[in-house]
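For reference, data.pdb is printed below; it contains PDB, C-alpha atoms.
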```
ATOM      1  CA  MET I 370     -19.849 -21.766  -6.077
ATOM      2  CA  GLY I 371     -22.675 -21.810  -8.613
ATOM      3  CA  ALA I 372     -21.459 -24.444 -11.082
ATOM      4  CA  GLY I 373     -18.884 -26.694  -9.387
ATOM      5  CA  GLY I 374     -21.036 -29.814  -9.570
ATOM      6  CA  TYR I 375     -21.753 -29.379 -13.277
ATOM      7  CA  LEU I 376     -18.090 -28.626 -13.987
ATOM      8  CA  ARG I 377     -17.098 -31.829 -12.209
ATOM      9  CA  LYS I 378     -19.693 -33.813 -14.176
ATOM     10  CA  LEU I 379     -18.351 -32.381 -17.442
ATOM     11  CA  ILE I 380     -14.772 -33.213 -16.478
ATOM     12  CA  GLU I 381     -15.759 -36.805 -15.668
ATOM     13  CA  ALA I 382     -17.241 -36.989 -19.177
ATOM     14  CA  GLY I 383     -13.866 -35.959 -20.649
ATOM     15  CA  VAL I 384     -14.560 -32.262 -21.190
ATOM     16  CA  LYS I 385     -11.715 -29.833 -20.561
ATOM     17  CA  ALA I 386     -12.889 -27.095 -18.172
ATOM     18  CA  HIS I 387     -11.277 -23.742 -17.493
ATOM     19  CA  ILE I 388     -12.110 -21.257 -14.724
ATOM     20  CA  VAL I 389     -11.353 -17.554 -14.957
ATOM     21  CA  ALA I 390     -11.084 -15.603 -11.710
ATOM     22  CA  PHE I 391     -11.230 -11.918 -12.564
ATOM     23  CA  SER I 392      -9.995 -10.777  -9.162
ATOM     24  CA  ILE I 393      -8.065 -12.115  -6.227
ATOM     25  CA  ALA I 394     -10.031  -9.598  -4.153
ATOM     26  CA  ARG I 395      -7.130  -8.122  -2.225
ATOM     27  CA  ASP I 396      -9.361  -5.381  -0.825
ATOM     28  CA  SER I 397     -11.980  -7.715   0.645
ATOM     29  CA  VAL I 398      -9.887 -10.403   2.320
ATOM     30  CA  PRO I 399     -11.003 -11.017   5.924
ATOM     31  CA  ALA I 400      -8.768  -9.783   8.730
ATOM     32  CA  GLY I 401      -6.011 -12.169   9.715
ATOM     33  CA  PHE I 402      -5.293 -13.417   6.177
ATOM     34  CA  PRO I 403      -2.644 -12.140   3.760
ATOM     35  CA  ASN I 404      -4.164  -9.933   1.051
ATOM     36  CA  ASP I 405      -3.182 -12.438  -1.682
ATOM     37  CA  VAL I 406      -4.658 -15.508   0.066
ATOM     38  CA  LEU I 407      -7.431 -15.931  -2.506
ATOM     39  CA  ILE I 408      -5.072 -16.762  -5.377
ATOM     40  CA  GLY I 409      -3.723 -19.797  -3.527
ATOM     41  CA  GLU I 410      -7.238 -20.790  -2.506
ATOM     42  CA  ALA I 411      -8.476 -20.449  -6.104
ATOM     43  CA  ARG I 412      -5.626 -22.652  -7.349
ATOM     44  CA  ALA I 413      -6.341 -25.315  -4.735
ATOM     45  CA  SER I 414     -10.079 -25.185  -5.464
ATOM     46  CA  SER I 415      -9.531 -25.508  -9.218
ATOM     47  CA  ALA I 416      -7.204 -28.440  -8.647
ATOM     48  CA  ALA I 417      -9.838 -30.137  -6.471
ATOM     49  CA  LEU I 418     -12.401 -29.767  -9.269
ATOM     50  CA  GLY I 419      -9.925 -30.774 -11.960
ATOM     51  CA  THR I 420     -10.106 -27.514 -13.921
ATOM     52  CA  GLU I 421      -7.489 -25.172 -15.262
ATOM     53  CA  LEU I 422      -7.374 -21.648 -13.835
ATOM     54  CA  THR I 423      -6.651 -18.218 -15.216
ATOM     55  CA  ALA I 424      -6.333 -15.670 -12.411
ATOM     56  CA  LEU I 425      -6.575 -11.972 -13.173
ATOM     57  CA  ASP I 426      -6.260  -9.125 -10.699
ATOM     58  CA  TYR I 427      -8.915  -6.509 -11.358
ATOM     59  CA  PRO I 428      -9.757  -4.488  -8.242
ATOM     60  CA  VAL I 429     -12.770  -5.918  -6.463
ATOM     61  CA  ARG I 430     -15.979  -3.845  -6.566
ATOM     62  CA  ARG I 431     -14.613  -1.709  -9.417
ATOM     63  CA  PHE I 432     -15.118  -3.942 -12.484
ATOM     64  CA  PRO I 433     -17.500  -1.484 -14.181
ATOM     65  CA  GLN I 434     -14.509   0.878 -14.554
ATOM     66  CA  TYR I 435     -12.622  -1.874 -16.436
ATOM     67  CA  ARG I 436     -15.355  -3.042 -18.813
ATOM     68  CA  GLN I 437     -13.287  -2.665 -21.981
ATOM     69  CA  GLU I 438     -10.306  -4.486 -20.492
ATOM     70  CA  ILE I 439     -12.584  -7.276 -19.265
ATOM     71  CA  LEU I 440     -14.147  -7.563 -22.720
ATOM     72  CA  GLU I 441     -10.687  -7.788 -24.289
ATOM     73  CA  GLU I 442      -9.674 -10.519 -21.802
ATOM     74  CA  LEU I 443     -12.817 -12.471 -22.676
ATOM     75  CA  ILE I 444     -12.224 -12.137 -26.424
ATOM     76  CA  LYS I 445      -8.634 -13.320 -25.931
ATOM     77  CA  LEU I 446      -9.847 -16.318 -23.913
ATOM     78  CA  LYS I 447     -12.448 -17.075 -26.578
ATOM     79  CA  ARG I 448      -9.724 -17.226 -29.250
ATOM     80  CA  GLU I 449      -7.419 -19.346 -27.071
ATOM     81  CA  LEU I 450      -9.948 -21.763 -25.529
ATOM     82  CA  LYS I 451     -12.664 -21.938 -28.212
ATOM     83  CA  PRO I 452     -15.324 -22.955 -25.652
ATOM     84  CA  ASP I 453     -18.529 -24.768 -26.562
ATOM     85  CA  ILE I 454     -20.265 -23.633 -23.371
ATOM     86  CA  VAL I 455     -19.566 -20.621 -21.178
ATOM     87  CA  LEU I 456     -20.858 -20.506 -17.614
ATOM     88  CA  VAL I 457     -21.170 -16.985 -16.232
ATOM     89  CA  HIS I 458     -23.061 -15.119 -13.540
ATOM     90  CA  ALA I 459     -26.799 -14.970 -14.140
ATOM     91  CA  SER I 460     -28.318 -11.844 -15.674
ATOM     92  CA  THR I 461     -30.089 -11.148 -12.370
ATOM     93  CA  ASP I 462     -26.940 -11.110 -10.210
ATOM     94  CA  ILE I 463     -26.886  -7.745  -8.423
ATOM     95  CA  HIS I 464     -23.163  -7.666  -7.529
ATOM     96  CA  GLN I 465     -21.558  -4.898  -9.584
ATOM     97  CA  ASP I 466     -18.510  -6.965 -10.563
ATOM     98  CA  HIS I 467     -20.585 -10.011 -11.487
ATOM     99  CA  ARG I 468     -22.876  -7.805 -13.539
ATOM    100  CA  ALA I 469     -19.955  -6.319 -15.500
ATOM    101  CA  VAL I 470     -18.528  -9.767 -16.278
ATOM    102  CA  TYR I 471     -21.968 -11.038 -17.322
ATOM    103  CA  GLU I 472     -22.549  -8.111 -19.698
ATOM    104  CA  GLU I 473     -19.121  -8.379 -21.314
ATOM    105  CA  ALA I 474     -19.426 -12.178 -21.600
ATOM    106  CA  VAL I 475     -22.671 -11.738 -23.533
ATOM    107  CA  ARG I 476     -20.811  -9.451 -25.933
ATOM    108  CA  ALA I 477     -17.708 -11.635 -26.248
ATOM    109  CA  PHE I 478     -19.488 -14.976 -26.561
ATOM    110  CA  LYS I 479     -22.483 -13.981 -28.671
ATOM    111  CA  ASP I 480     -22.033 -17.093 -30.840
ATOM    112  CA  THR I 481     -21.574 -19.517 -27.923
ATOM    113  CA  THR I 482     -23.963 -21.239 -25.551
ATOM    114  CA  LEU I 483     -24.101 -19.156 -22.377
ATOM    115  CA  LEU I 484     -25.547 -20.452 -19.128
ATOM    116  CA  GLY I 485     -25.916 -18.222 -16.078
ATOM    117  CA  TYR I 486     -25.319 -19.793 -12.682
ATOM    118  CA  GLU I 487     -27.075 -18.684  -9.552
ATOM    119  CA  MET I 488     -25.661 -17.185  -6.409
ATOM    120  CA  PRO I 489     -28.729 -17.087  -4.118
ATOM    121  CA  TRP I 490     -27.414 -14.269  -1.947
ATOM    122  CA  ASN I 491     -26.875 -12.088  -5.062
ATOM    123  CA  ASN I 492     -29.977 -12.999  -7.083
ATOM    124  CA  LEU I 493     -33.225 -11.294  -6.129
ATOM    125  CA  GLU I 494     -34.802 -13.531  -8.748
ATOM    126  CA  PHE I 495     -33.467 -16.400 -10.846
ATOM    127  CA  HIS I 496     -34.738 -18.122 -13.984
ATOM    128  CA  ALA I 497     -33.952 -21.832 -13.561
ATOM    129  CA  GLN I 498     -34.419 -22.707 -17.219
ATOM    130  CA  ALA I 499     -31.835 -25.500 -17.333
ATOM    131  CA  ILE I 500     -31.320 -27.972 -14.529
ATOM    132  CA  VAL I 501     -28.428 -30.436 -14.467
ATOM    133  CA  ALA I 502     -28.883 -33.640 -12.470
ATOM    134  CA  LEU I 503     -25.882 -34.408 -10.287
ATOM    135  CA  GLY I 504     -24.810 -37.353  -8.212
ATOM    136  CA  PRO I 505     -23.647 -37.163  -4.600
ATOM    137  CA  GLU I 506     -20.058 -37.525  -5.819
ATOM    138  CA  HIS I 507     -20.350 -34.267  -7.779
ATOM    139  CA  ILE I 508     -21.645 -32.406  -4.735
ATOM    140  CA  GLU I 509     -18.895 -33.820  -2.520
ATOM    141  CA  VAL I 510     -16.211 -32.674  -4.974
ATOM    142  CA  LYS I 511     -17.878 -29.255  -5.122
ATOM    143  CA  ILE I 512     -17.833 -29.044  -1.327
ATOM    144  CA  ALA I 513     -14.186 -30.152  -1.231
ATOM    145  CA  ALA I 514     -13.280 -27.500  -3.794
ATOM    146  CA  LEU I 515     -15.122 -24.790  -1.868
ATOM    147  CA  SER I 516     -13.517 -25.873   1.403
ATOM    148  CA  GLU I 517     -10.184 -24.743  -0.048
ATOM    149  CA  TYR I 518     -11.374 -21.171   0.513
ATOM    150  CA  LYS I 519     -10.411 -21.097   4.164
ATOM    151  CA  SER I 520     -10.602 -17.294   4.225
ATOM    152  CA  GLN I 521     -14.295 -17.470   3.321
ATOM    153  CA  ARG I 522     -15.448 -19.932   5.991
ATOM    154  CA  GLY I 523     -17.170 -17.195   7.977
ATOM    155  CA  ARG I 524     -19.751 -16.626   5.240
ATOM    156  CA  HIS I 525     -23.120 -18.238   5.998
ATOM    157  CA  TYR I 526     -23.252 -19.967   2.603
ATOM    158  CA  ALA I 527     -19.700 -21.342   2.629
ATOM    159  CA  ASN I 528     -20.382 -24.742   4.155
ATOM    160  CA  GLY I 529     -21.320 -28.234   3.072
ATOM    161  CA  GLU I 530     -24.747 -28.149   4.700
ATOM    162  CA  PHE I 531     -25.794 -25.130   2.640
ATOM    163  CA  ILE I 532     -24.350 -26.569  -0.598
ATOM    164  CA  ARG I 533     -26.128 -29.919  -0.123
ATOM    165  CA  GLY I 534     -29.426 -28.197   0.747
ATOM    166  CA  TRP I 535     -29.199 -25.880  -2.262
ATOM    167  CA  ALA I 536     -28.477 -28.856  -4.552
ATOM    168  CA  ARG I 537     -31.328 -30.847  -3.003
ATOM    169  CA  THR I 538     -33.741 -27.972  -3.611
ATOM    170  CA  ARG I 539     -32.739 -27.828  -7.278
ATOM    171  CA  GLY I 540     -32.843 -31.627  -7.522
ATOM    172  CA  ALA I 541     -36.386 -31.749  -6.140
ATOM    173  CA  ALA I 542     -37.545 -29.746  -9.169
ATOM    174  CA  ILE I 543     -36.629 -32.629 -11.487
ATOM    175  CA  GLY I 544     -37.067 -35.611  -9.175
ATOM    176  CA  VAL I 545     -33.408 -36.324  -8.395
ATOM    177  CA  GLU I 546     -31.406 -36.038  -5.206
ATOM    178  CA  TYR I 547     -29.064 -33.252  -6.355
ATOM    179  CA  ALA I 548     -28.894 -30.718  -9.191
ATOM    180  CA  GLU I 549     -27.651 -27.283 -10.185
ATOM    181  CA  ALA I 550     -29.787 -24.769 -12.061
ATOM    182  CA  PHE I 551     -28.820 -22.356 -14.807
ATOM    183  CA  GLU I 552     -30.393 -19.486 -16.660
ATOM    184  CA  VAL I 553     -30.281 -20.028 -20.416
ATOM    185  CA  ILE I 554     -28.781 -16.785 -21.680
ATOM    186  CA  ARG I 555     -28.090 -18.148 -25.156
ATOM    187  CA  LEU I 556     -28.423 -21.651 -26.566
ATOM    188  CA  VAL I 557     -26.425 -22.282 -29.723
ATOM    189  CA  LEU I 558     -27.136 -25.527 -31.554
ATOM    190  CA  LYS I 559     -24.670 -26.384 -34.320
TER     191      LYS I 559
END
```
Would you mind writing the structure in this file as structure tokens?
Amino acid sequence: MGAGGYLRKLIEAGVKAHIVAFSIARDSVPAGFPNDVLIGEARASSAALGTELTALDYPVRRFPQYRQEILEELIKLKRELKPDIVLVHASTDIHQDHRAVYEEAVRAFKDTTLLGYEMPWNNLEFHAQAIVALGPEHIEVKIAALSEYKSQRGRHYANGEFIRGWARTRGAAIGVEYAEAFEVIRLVLK
């Protein structure tokens, strides 16, 4: 949701991108959907973006109880993937699960560039310290990827109109049509 346009832009430039879903949120699936619907939706969304996916199954809204396990997963992924840039929830995200992943990512990737993406409904404030210009094609791929989450369509932010407006707002800050903004958590220049 927060970085799909930038991920697509990176992929078009030949960068290999990998998404990690820490939960398939069995306990928060809307009525009428099977409790494992999100794993299929995450796979379809990742395929639409052109990323690889690692799906884990930590219980939603209980990540703080699994901090050590999450840290160990992140360290394992760091060894396997050797990322140059890690995109994670912003430091100001108030969701308890997002906060736990953010804090453990800072520990695991202390020698890696870390950028925090925004989720406007979870950020009471946001530090837009890095802004990535995007083309309309990046936003359309982002919208297509997000549209794979059919179980989430009832959320007020899960639609193309919102995504385009959000990207236009960020783009206006740098004089382009579309953009995504990131908090610079750590910038490593080698």
| message | Could you list, as a PyMOL selection string, every residue within 10 Å of range 539-543 of chain I, counting all atoms listed in the file and ignoring same-chain residues fewer than 3 positions away? | response | chain I and resi 497+500-504+533-536+546-550
| query | Just so the selection is clear, what residues does the PyMOL selection byres ((chain I and resi 408) around 9) cover here, as JSON, numbers by chain? | reply | {"I": [390, 392, 393, 394, 405, 406, 407, 409, 410, 411, 412, 413, 424]}
Residues of the last selection are to be written out with C-alpha atoms, as a PDB file, in the frame of the given file.
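So again-v9.pdb came out as:
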```pdb
ATOM      1  CA  ALA I 390     -11.084 -15.603 -11.710  1.00  0.00           C
ATOM      2  CA  SER I 392      -9.995 -10.777  -9.162  1.00  0.00           C
ATOM      3  CA  ILE I 393      -8.065 -12.115  -6.227  1.00  0.00           C
ATOM      4  CA  ALA I 394     -10.031  -9.598  -4.153  1.00  0.00           C
ATOM      5  CA  ASP I 405      -3.182 -12.438  -1.682  1.00  0.00           C
ATOM      6  CA  VAL I 406      -4.658 -15.508   0.066  1.00  0.00           C
ATOM      7  CA  LEU I 407      -7.431 -15.931  -2.506  1.00  0.00           C
ATOM      8  CA  GLY I 409      -3.723 -19.797  -3.527  1.00  0.00           C
ATOM      9  CA  GLU I 410      -7.238 -20.790  -2.506  1.00  0.00           C
ATOM     10  CA  ALA I 411      -8.476 -20.449  -6.104  1.00  0.00           C
ATOM     11  CA  ARG I 412      -5.626 -22.652  -7.349  1.00  0.00           C
ATOM     12  CA  ALA I 413      -6.341 -25.315  -4.735  1.00  0.00           C
ATOM     13  CA  ALA I 424      -6.333 -15.670 -12.411  1.00  0.00           C
TER      14      ALA I 424
END
```
| task | Taking the file as shown, find all residues satisfying the PyMOL selection byres ((chain I and resi 447) around 12) and write them as a ChimeraX atom specification. | result | /I:387,389,440-446,448-455,474-481
| remark: Using all atoms listed in the file, the residue out of I:Ile532, I:Ile508, I:Ile554, I:Met488 with shortest distance to Tyr471 in chain I is I:Ile554
| What lies within 8 Å of Arg377 in chain I using only C-alpha atoms, ignoring chain neighbours under 3 positions off, as a list in words? | Gly373, Gly374, Ile380, Glu381, Leu418, Gly419, His507, Val510 and Lys511 of chain I
Would you mind listing what lies within 10 Å of Asp396 in chain I as a tab-separated table (two decimals) with C-alpha atoms, keeping the file's coordinate frame, with all atoms listed in the file counted and same-chain residues fewer than 5 positions away left out?
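Written file, part35.tsv:
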```tsv
chain	number	residue	atom	x	y	z
I	404	ASN	CA	-4.16	-9.93	1.05
I	405	ASP	CA	-3.18	-12.44	-1.68
I	428	PRO	CA	-9.76	-4.49	-8.24
I	429	VAL	CA	-12.77	-5.92	-6.46
I	430	ARG	CA	-15.98	-3.84	-6.57
```
| request: Find the residue from I:Ile388, I:Ala400, I:Leu483, I:Ile463 that sits nearest to Met370 in chain I; use all atoms listed in the file when measuring. | output: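 The closest residue to Met370 in chain I is I:Ile388.
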| field | Closest of I:Arg468, I:His496, I:Lys519, I:Lys385 to Pro403 in chain I - atom-to-atom distances counting all atoms listed in the file | value | I:Lys519
| query | For Leu456 in chain I, which residue out of I:Glu487, I:Glu438, I:Glu421, I:Asp426 is the nearest one, using all atoms listed in the file? | reply |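 Nearest candidate to Leu456 in chain I out of I:Glu487, I:Glu438, I:Glu421, I:Asp426: I:Glu487.
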| request: Work out how far CA of Arg524 in chain I is from CA of Ile512 in chain I, in Å to one decimal. | output: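 A separation of 14.2 Å between them.
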| Asn492 in chain I environment, 12 Å, only C-alpha atoms, sequence neighbours closer than 3 positions dropped, as a list in words |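 Final neighbour list, sorted by chain and number: Gly371, His458, Ala459, Ser460, Thr461, Asp462, Ile463, His464, Gln465, His467, Arg468, Gly485, Tyr486, Glu487, Met488, Pro489, Phe495, His496, Ala497 and Glu552 of chain I.
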| task | To one decimal in Å, tell me the separation between CA of Ala382 in chain I and CA of Ser516 in chain I. | result |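 These atoms are spaced 23.7 Å apart.
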| request: Would you please work out which residue, of I:Thr423, I:Leu558, I:Ser520, I:Glu509, is nearest to Gly401 in chain I when using only C-alpha atoms? | output: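 Selected residue with least distance to Gly401 in chain I: I:Ser520.
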| Could you work out how far CA of Ala416 in chain I lies from CA of Tyr375 in chain I, giving the answer in Å with one decimal? |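 CA of Ala416 in chain I lies at a distance of 15.3 Å from CA of Tyr375 in chain I.
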| Selected residue, from I:Asn491, I:Gly383, I:Pro399, I:Val557, that lies nearest to Thr420 in chain I when counting all atoms listed in the file | I:Gly383
